[in-house]
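Asker: What follows is the file work_29.csv, containing CSV, C-alpha atoms and all ligand atoms:
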chain,number,residue,atom,x,y,z
A,1,MET,CA,144.4,-137.7,121.6
A,2,ARG,CA,145.5,-138.2,118.0
A,3,ARG,CA,144.2,-141.5,116.4
A,4,SER,CA,147.0,-143.3,114.6
A,5,LEU,CA,146.7,-143.8,110.9
A,6,VAL,CA,148.5,-146.4,108.8
A,7,ALA,CA,148.0,-145.9,105.1
A,8,GLY,CA,149.3,-148.3,102.4
A,9,ASN,CA,150.6,-146.7,99.2
A,10,TRP,CA,150.5,-149.5,96.7
A,11,LYS,CA,152.1,-147.3,94.0
A,12,MET,CA,151.8,-148.9,90.5
A,13,ASN,CA,151.5,-152.5,91.7
A,14,GLY,CA,149.0,-155.3,91.6
A,15,SER,CA,146.7,-157.2,89.2
A,16,ARG,CA,143.0,-157.5,89.9
A,17,THR,CA,143.5,-161.0,91.3
A,18,GLU,CA,146.5,-160.1,93.5
A,19,SER,CA,144.8,-157.0,94.8
A,20,ALA,CA,141.6,-158.8,95.6
A,21,ALA,CA,143.7,-161.3,97.7
A,22,LEU,CA,145.6,-158.5,99.4
A,23,LEU,CA,142.3,-156.6,100.2
A,24,GLN,CA,140.7,-159.8,101.6
A,25,GLY,CA,143.8,-160.6,103.6
A,26,VAL,CA,144.0,-157.2,105.2
A,27,LYS,CA,140.3,-157.1,105.9
A,28,LYS,CA,140.3,-160.5,107.5
A,29,GLY,CA,143.4,-159.8,109.6
A,30,MET,CA,142.3,-156.4,110.9
A,31,SER,CA,140.8,-156.5,114.3
A,32,SER,CA,137.5,-154.7,114.5
A,33,ALA,CA,138.7,-153.4,117.9
A,34,SER,CA,141.7,-151.7,116.3
A,35,LYS,CA,142.2,-148.2,117.8
A,36,ALA,CA,144.4,-147.3,114.8
A,37,GLU,CA,142.8,-146.3,111.6
A,38,VAL,CA,143.9,-148.2,108.5
A,39,ALA,CA,143.6,-147.1,104.8
A,40,VAL,CA,144.9,-148.4,101.5
A,41,CYS,CA,145.7,-146.3,98.4
A,42,PRO,CA,145.6,-148.6,95.3
A,43,PRO,CA,146.2,-147.4,91.7
A,44,TYR,CA,143.2,-145.7,90.2
A,45,VAL,CA,141.9,-148.7,88.3
A,46,LEU,CA,141.8,-150.8,91.4
A,47,ILE,CA,139.9,-148.3,93.5
A,48,PRO,CA,136.5,-149.7,92.5
A,49,LEU,CA,137.7,-153.1,93.6
A,50,ALA,CA,138.8,-151.7,97.0
A,51,ALA,CA,135.4,-150.0,97.3
A,52,GLU,CA,133.7,-153.3,96.6
A,53,LYS,CA,135.9,-155.5,98.9
A,54,LEU,CA,136.2,-153.0,101.8
A,55,ALA,CA,132.6,-151.8,101.9
A,56,GLY,CA,131.3,-152.2,105.4
A,57,SER,CA,134.7,-152.7,107.0
A,58,ALA,CA,136.6,-150.2,109.1
A,59,ILE,CA,139.3,-149.9,106.4
A,60,ALA,CA,139.3,-146.7,104.4
A,61,TRP,CA,140.6,-146.3,100.9
A,62,GLY,CA,142.0,-143.4,98.9
A,63,GLY,CA,143.9,-142.3,95.7
A,64,GLN,CA,147.6,-141.8,95.2
A,65,ASN,CA,147.2,-138.5,93.3
A,66,LEU,CA,144.4,-136.3,91.8
A,67,SER,CA,144.1,-133.6,89.2
A,68,ALA,CA,144.0,-130.0,90.3
A,69,HIS,CA,141.0,-129.7,88.0
A,70,LYS,CA,137.4,-130.9,88.6
A,71,SER,CA,136.7,-132.1,85.0
A,72,GLY,CA,137.3,-131.2,81.4
A,73,ALA,CA,139.9,-131.7,78.7
A,74,TYR,CA,142.8,-133.2,80.8
A,75,THR,CA,143.6,-136.4,79.1
A,76,GLY,CA,144.8,-139.1,81.5
A,77,GLU,CA,143.9,-137.3,84.6
A,78,VAL,CA,141.5,-138.3,87.4
A,79,SER,CA,139.7,-135.7,89.5
A,80,GLY,CA,138.7,-135.3,93.2
A,81,PRO,CA,135.0,-135.7,92.4
A,82,MET,CA,135.7,-139.0,90.7
A,83,LEU,CA,137.7,-140.3,93.7
A,84,LYS,CA,134.9,-139.2,96.0
A,85,ASP,CA,132.4,-141.0,93.8
A,86,TYR,CA,134.2,-144.3,94.5
A,87,GLY,CA,134.1,-143.7,98.2
A,88,CYS,CA,137.6,-142.5,98.8
A,89,THR,CA,138.3,-140.9,102.1
A,90,TYR,CA,142.0,-139.9,101.5
A,91,VAL,CA,144.2,-138.9,98.7
A,92,ILE,CA,148.0,-138.7,98.7
A,93,VAL,CA,149.3,-135.3,97.5
A,94,GLY,CA,152.8,-134.3,96.7
A,95,HIS,CA,154.4,-137.7,97.0
A,96,SER,CA,158.1,-137.4,96.2
A,97,GLU,CA,157.8,-139.7,93.2
A,98,ARG,CA,155.2,-137.2,91.8
A,99,ARG,CA,157.5,-134.3,92.7
A,100,THR,CA,160.6,-135.8,91.1
A,101,LEU,CA,159.4,-138.0,88.3
A,102,TYR,CA,156.4,-135.8,87.2
A,103,GLY,CA,157.7,-132.3,88.0
A,104,GLU,CA,155.1,-131.4,90.6
A,105,ASN,CA,156.2,-128.3,92.3
A,106,ASP,CA,155.1,-126.8,95.6
A,107,ALA,CA,152.5,-124.6,93.8
A,108,LEU,CA,150.9,-127.5,92.0
A,109,VAL,CA,150.9,-129.6,95.1
A,110,ALA,CA,149.1,-126.8,97.0
A,111,GLU,CA,146.5,-126.6,94.2
A,112,LYS,CA,145.9,-130.4,94.4
A,113,TYR,CA,145.6,-130.2,98.2
A,114,GLY,CA,142.9,-127.6,97.8
A,115,ALA,CA,141.2,-129.6,95.0
A,116,ALA,CA,141.0,-132.5,97.4
A,117,GLN,CA,139.5,-130.5,100.3
A,118,THR,CA,136.9,-128.9,98.0
A,119,VAL,CA,135.3,-132.3,97.7
A,120,ASN,CA,135.9,-133.4,101.3
A,121,LEU,CA,138.8,-135.7,100.5
A,122,ILE,CA,141.4,-135.7,103.2
A,123,PRO,CA,144.8,-134.9,101.6
A,124,ILE,CA,147.8,-136.8,102.9
A,125,LEU,CA,150.4,-134.1,102.2
A,126,CYS,CA,153.9,-135.5,101.7
A,127,VAL,CA,157.0,-133.5,102.5
A,128,GLY,CA,160.6,-134.5,102.8
A,129,GLU,CA,164.1,-133.8,101.8
A,130,THR,CA,166.5,-135.5,99.4
A,131,LEU,CA,169.8,-137.0,100.6
A,132,GLN,CA,171.7,-134.1,99.2
A,133,GLU,CA,169.5,-131.6,101.0
A,134,ARG,CA,169.9,-133.5,104.3
A,135,GLU,CA,173.7,-133.6,103.9
A,136,ALA,CA,173.6,-129.9,103.2
A,137,ASN,CA,171.7,-129.4,106.5
A,138,GLN,CA,168.7,-128.1,104.6
A,139,THR,CA,166.1,-130.6,105.9
A,140,GLU,CA,164.1,-128.0,107.9
A,141,THR,CA,164.4,-125.4,105.2
A,142,VAL,CA,163.0,-127.7,102.6
A,143,VAL,CA,160.2,-129.1,104.8
A,144,ALA,CA,159.2,-125.6,105.8
A,145,ARG,CA,159.1,-124.4,102.2
A,146,GLN,CA,156.8,-127.4,101.3
A,147,LEU,CA,154.5,-126.7,104.2
A,148,ASP,CA,154.4,-122.9,103.7
A,149,ALA,CA,153.3,-123.3,100.1
A,150,VAL,CA,150.1,-124.9,101.4
A,151,ILE,CA,149.7,-122.7,104.5
A,152,ASP,CA,150.1,-119.6,102.4
A,153,LYS,CA,147.5,-120.7,99.8
A,154,HIS,CA,144.9,-122.4,102.0
A,155,GLY,CA,145.5,-121.1,105.5
A,156,ILE,CA,146.4,-123.0,108.7
A,157,GLY,CA,142.8,-123.8,109.3
A,158,SER,CA,142.9,-126.2,106.3
A,159,PHE,CA,145.1,-128.5,108.3
A,160,ARG,CA,142.1,-129.4,110.5
A,161,ASN,CA,141.1,-131.7,107.7
A,162,ALA,CA,144.5,-133.0,106.5
A,163,VAL,CA,147.2,-135.4,107.3
A,164,ILE,CA,150.9,-134.8,106.8
A,165,ALA,CA,153.4,-137.5,105.9
A,166,TYR,CA,157.1,-136.8,106.5
A,167,GLU,CA,158.9,-138.9,103.9
A,168,PRO,CA,162.6,-138.4,103.6
A,169,VAL,CA,163.2,-139.1,99.9
A,170,TRP,CA,166.4,-141.0,100.7
A,171,ALA,CA,164.4,-143.5,102.7
A,172,ILE,CA,161.6,-144.2,100.2
A,173,GLY,CA,161.9,-147.7,98.6
A,174,THR,CA,165.6,-147.8,99.5
A,175,GLY,CA,165.5,-150.0,102.6
A,176,LYS,CA,167.2,-147.2,104.5
A,177,THR,CA,165.0,-145.9,107.3
A,178,ALA,CA,165.4,-142.7,109.2
A,179,THR,CA,166.3,-143.5,112.8
A,180,PRO,CA,163.5,-143.0,115.2
A,181,GLN,CA,165.3,-139.9,116.5
A,182,GLN,CA,165.9,-138.5,113.0
A,183,ALA,CA,162.2,-138.9,112.2
A,184,GLN,CA,161.1,-137.6,115.5
A,185,ASP,CA,163.2,-134.5,115.1
A,186,VAL,CA,161.6,-133.6,111.8
A,187,HIS,CA,158.1,-134.5,113.0
A,188,ARG,CA,158.6,-132.2,116.0
A,189,PHE,CA,159.8,-129.4,113.7
A,190,ILE,CA,156.7,-129.8,111.5
A,191,ARG,CA,154.4,-129.7,114.5
A,192,SER,CA,156.1,-126.6,115.9
A,193,ARG,CA,156.0,-124.9,112.5
A,194,LEU,CA,152.2,-125.4,112.5
A,195,ALA,CA,152.0,-124.4,116.1
A,196,SER,CA,153.5,-121.0,115.3
A,197,HIS,CA,150.2,-120.4,113.4
A,198,ASP,CA,147.8,-122.3,115.5
A,199,GLU,CA,148.6,-124.5,118.5
A,200,VAL,CA,145.4,-126.5,118.5
A,201,VAL,CA,145.7,-127.4,114.8
A,202,ALA,CA,149.3,-128.5,115.5
A,203,ASP,CA,148.3,-130.6,118.4
A,204,ASN,CA,145.6,-132.4,116.6
A,205,ILE,CA,147.1,-133.0,113.2
A,206,ARG,CA,148.4,-136.5,112.4
A,207,ILE,CA,152.0,-136.6,111.1
A,208,LEU,CA,152.8,-140.0,109.5
A,209,TYR,CA,156.3,-141.3,108.9
A,210,GLY,CA,157.1,-142.9,105.5
A,211,GLY,CA,160.3,-144.4,104.2
A,212,SER,CA,161.0,-148.1,104.3
A,213,MET,CA,158.8,-148.7,107.4
A,214,LYS,CA,158.3,-152.4,107.9
A,215,SER,CA,157.3,-154.9,110.5
A,216,SER,CA,160.8,-154.9,112.0
A,217,ASN,CA,161.1,-151.2,112.6
A,218,ALA,CA,157.5,-150.0,112.9
A,219,LYS,CA,157.3,-150.3,116.7
A,220,GLU,CA,160.2,-148.1,117.5
A,221,LEU,CA,159.3,-145.4,115.0
A,222,LEU,CA,155.6,-145.4,116.1
A,223,ALA,CA,156.7,-145.1,119.7
A,224,GLN,CA,158.0,-141.5,119.0
A,225,PRO,CA,155.8,-138.8,120.5
A,226,ASP,CA,155.2,-136.9,117.3
A,227,ILE,CA,154.9,-139.9,115.0
A,228,ASP,CA,151.2,-140.7,114.5
A,229,GLY,CA,151.3,-143.5,112.1
A,230,GLY,CA,152.9,-144.5,108.8
A,231,LEU,CA,152.6,-144.2,105.1
A,232,ILE,CA,153.8,-147.5,103.9
A,233,GLY,CA,154.9,-148.4,100.4
A,234,GLY,CA,156.6,-151.8,99.7
A,235,ALA,CA,155.5,-153.4,103.0
A,236,SER,CA,151.8,-152.6,102.3
A,237,LEU,CA,151.9,-155.1,99.4
A,238,GLN,CA,152.3,-158.0,101.8
A,239,VAL,CA,149.4,-158.9,104.1
A,240,GLU,CA,151.3,-160.0,107.2
A,241,GLU,CA,153.9,-157.2,106.9
A,242,PHE,CA,151.2,-154.6,106.6
A,243,LEU,CA,149.1,-156.1,109.4
A,244,THR,CA,152.0,-156.2,111.8
A,245,ILE,CA,152.6,-152.5,111.2
A,246,CYS,CA,148.9,-151.8,111.8
A,247,ARG,CA,149.0,-153.7,115.0
A,248,ALA,CA,152.2,-151.8,116.1
A,249,ALA,CA,150.2,-148.6,115.6
A,250,ASP,CA,147.2,-149.9,117.6
A,301,LIG,C1,156.0,-144.4,100.0
A,301,LIG,O1,156.0,-144.6,98.8
A,301,LIG,O2,155.3,-143.5,100.4
A,301,LIG,C2,156.9,-145.2,100.9
A,301,LIG,C3,157.1,-144.8,102.1
A,301,LIG,O3,157.5,-146.2,100.3
A,301,LIG,P1,158.4,-147.4,101.0
A,301,LIG,O4,157.7,-147.8,102.3
A,301,LIG,O5,158.5,-148.5,100.1
A,301,LIG,O6,159.7,-146.8,101.3
Starting from the file, lay out its structure as C-alpha cells.
Ligand code: PEP

Answerer:
Amino acid sequence: MRRSLVAGNWKMNGSRTESAALLQGVKKGMSSASKAEVAVCPPYVLIPLAAEKLAGSAIAWGGQNLSAHKSGAYTGEVSGPMLKDYGCTYVIVGHSERRTLYGENDALVAEKYGAAQTVNLIPILCVGETLQEREANQTETVVARQLDAVIDKHGIGSFRNAVIAYEPVWAIGTGKTATPQQAQDVHRFIRSRLASHDEVVADNIRILYGGSMKSSNAKELLAQPDIDGGLIGGASLQVEEFLTICRAAD
C-alpha cells in the first residue's frame, strides 16, 4: 500500500510573519490521525522557521532545490548537507520552473537527484511536458527521457527512496488542470516505465500529480489508481485550501 503524500511548494512566496501563520494554521488543522503524509517546501530562508514551527508534528519539510555540489565556491547555492542540517526530509528536483527559467537540463537534474540521495534527502523528481510537446503527441517521449536520465545515472534501485511528481508544464500556475484521465494515463505510463526495470519498485513508488490542484479538483484527481498525492503550488499558500487537499488524500 502506498501512503499518499501531499507536498506544498511555496515557491518564492511569504514573509516570516505570513509563513509563521501558514505553518501554524496547517499544523493546527492537520489531524494527527491523518493517513496521508504532508510536507511543505518553503523558500530556503524560511526553512529554519518551518523546522522550528513543525518540530514534533507529523508534518515534514523540504527544500525546493539544491546544489549538485556538497560545499565550496558556489556563490548563491545551498547544498544537500545544509538542507539536511535543518531537518529537511524532502527536496524538489527538476521543477519545470528550474528547467525552463534556470536552464536545468536532464543531466543536471540527475546530478541533483543523486546529491540529494547522498545525504538521505528524498528527492521529489518532477517530470512533465509543455503544451507544445503535448500537442505534438510527445508527452510520453518527454517524460520517458526525463526519467531515463535518472535511471541511467543512478539505477532503478534509487527509486526506492524517491518520489516522482508528474507536472504537465501547461497546468502549473495556469489554473488549467489535467483531467483526471489525462493525469492517470501519464501516471500509469510512468509506473509501467519503471516496472519494465523493476516491478516492485514501480509498485511502491509514489507518483504525485502537480498542476493547479486545488480543493475543488483534488478529490477526483486523487481517486485515480496511479495518483498517490499532490505537489501543490498556489493552493499550498492558503491554509484551508491546503488542508482540504490533505484531507482528500487521507
Ligand atoms: C508547482 O509549482 O509544483 C505547482 C503544481 O504549482 P500550481 O499548483 O500553482 O500549479

Asker: Taking all atoms listed in the file into account, which of A:Met213, A:Leu54, A:Ile164, A:Ile47 comes nearest ligand LIG 301 (chain A)?

Answerer: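 Of the candidates, the smallest distance to ligand LIG 301 (chain A) is held by A:Met213.
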
Asker: Hey, which of A:Ile232, A:Ala7, A:Val93, A:Leu243 ends up closest to Gly173 (chain A)? Count only C-alpha atoms.

Answerer: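 For Gly173 (chain A), the nearest of the given residues is A:Ile232.
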
Asker: Restricting the calculation to only C-alpha atoms and all ligand atoms, which member of A:Leu83, A:Ala55, A:Leu125, A:Met30 is positioned closest to ligand LIG 301 (chain A)?

Answerer: A:Leu125

Asker: May I ask you to write as a list in words all residues lying at most 8 Å from ligand LIG 301 (chain A), with all atoms listed in the file counted?

Answerer: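 After applying the 8 Å limit, what remains is Gly8, Asn9, Trp10, Lys11, His95, Ser96, Glu97, Glu167, Ala171, Ile172, Gly173, Thr174, Gly175, Tyr209, Gly210, Gly211, Ser212, Met213, Lys214, Gly230, Leu231, Ile232, Gly233, Gly234, Ala235 and Ser236 of chain A.
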
Asker: Pick the closest to Glu18 (chain A) from A:Cys246, A:Val239, A:Ile124, A:Val119: which is it, counting all atoms listed in the file?

Answerer: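 Between A:Cys246, A:Val239, A:Ile124, A:Val119, the residue approaching Glu18 (chain A) most closely is A:Val239.
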
Asker: Nearest to Gly128 (chain A): which of A:Glu77, A:Asp185, A:Asp198, A:Glu140 is it, counting only C-alpha atoms?

Answerer: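 For Gly128 (chain A), the nearest of the given residues is A:Glu140.
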
Asker: One decimal, Å: what's the distance from CA of Thr244 (chain A) over to CA of Pro42 (chain A), could you say?

Answerer: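 Here the two named atoms are 19.3 Å from each other.
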
Asker: Neighbours of Gly94 (chain A) within 9 Å (all atoms listed in the file; same-chain residues fewer than 2 positions away dropped), as a PDB file with C-alpha atoms, in the coordinates of the input?

Answerer:
ATOM      1  CA  ASN A  65     147.200-138.500  93.300  1.00  0.00           C
ATOM      2  CA  ILE A  92     148.000-138.700  98.700  1.00  0.00           C
ATOM      3  CA  SER A  96     158.100-137.400  96.200  1.00  0.00           C
ATOM      4  CA  GLU A  97     157.800-139.700  93.200  1.00  0.00           C
ATOM      5  CA  ARG A  98     155.200-137.200  91.800  1.00  0.00           C
ATOM      6  CA  ARG A  99     157.500-134.300  92.700  1.00  0.00           C
ATOM      7  CA  GLU A 104     155.100-131.400  90.600  1.00  0.00           C
ATOM      8  CA  ASN A 105     156.200-128.300  92.300  1.00  0.00           C
ATOM      9  CA  ASP A 106     155.100-126.800  95.600  1.00  0.00           C
ATOM     10  CA  LEU A 108     150.900-127.500  92.000  1.00  0.00           C
ATOM     11  CA  VAL A 109     150.900-129.600  95.100  1.00  0.00           C
ATOM     12  CA  ALA A 110     149.100-126.800  97.000  1.00  0.00           C
ATOM     13  CA  LYS A 112     145.900-130.400  94.400  1.00  0.00           C
ATOM     14  CA  TYR A 113     145.600-130.200  98.200  1.00  0.00           C
ATOM     15  CA  ILE A 124     147.800-136.800 102.900  1.00  0.00           C
ATOM     16  CA  LEU A 125     150.400-134.100 102.200  1.00  0.00           C
ATOM     17  CA  CYS A 126     153.900-135.500 101.700  1.00  0.00           C
ATOM     18  CA  VAL A 127     157.000-133.500 102.500  1.00  0.00           C
TER      19      VAL A 127
END

Asker: Kindly give the distance, in Å, that separates CA of Arg16 (chain A) and CA of Trp61 (chain A), rounded to a single decimal.

Answerer: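 Interatomic distance here is 15.9 Å.
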
Asker: Taking all atoms listed in the file into account, name the residue in A:Asn120, A:Leu66, A:Arg2, A:Gln146 that is nearest to Val201 (chain A).

Answerer: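 So, comparing all the options, the nearest one is A:Arg2.
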
Asker: Between CA of Lys35 (chain A) and CA of Arg247 (chain A), measure the distance and give it in Å to one decimal.

Answerer: 9.2 Å

Asker: Residues near Ala195 (chain A), anyone? I mean within 12 Å using all atoms listed in the file, not counting same-chain ones fewer than 6 positions away, as a compact mmCIF listing (two decimals) with C-alpha atoms, in the frame of the given file.

Answerer:
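This is the output file out12.txt:
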# COMPACT_ATOMS: atom_id res chain seq x y z
CA ILE A 151 149.70 -122.70 104.50
CA ILE A 156 146.40 -123.00 108.70
CA GLY A 157 142.80 -123.80 109.30
CA PHE A 159 145.10 -128.50 108.30
CA ARG A 188 158.60 -132.20 116.00
CA PHE A 189 159.80 -129.40 113.70
CA VAL A 201 145.70 -127.40 114.80
CA ALA A 202 149.30 -128.50 115.50
CA ASP A 203 148.30 -130.60 118.40
CA ASN A 204 145.60 -132.40 116.60
CA ILE A 205 147.10 -133.00 113.20

Asker: For Pro180 (chain A), please output as a ChimeraX atom specification all residues within 7 Å (counting all atoms listed in the file; exclusion window: fewer than 5 positions along the same chain).

Answerer: /A:220-221,224

Asker: Around (165.8, -127.8, 107.5) in the file's own coordinates, what residues are found within 12 Å if you use all atoms listed in the file, given back as a list in words?

Answerer: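 The distance filter leaves exactly Val127, Gly128, Glu129, Thr130, Gln132, Glu133, Arg134, Glu135, Ala136, Asn137, Gln138, Thr139, Glu140, Thr141, Val142, Val143, Ala144, Arg145, Gln146, Leu147, Pro168, Asp185, Val186, His187, Arg188, Phe189, Ile190 and Arg193 of chain A.
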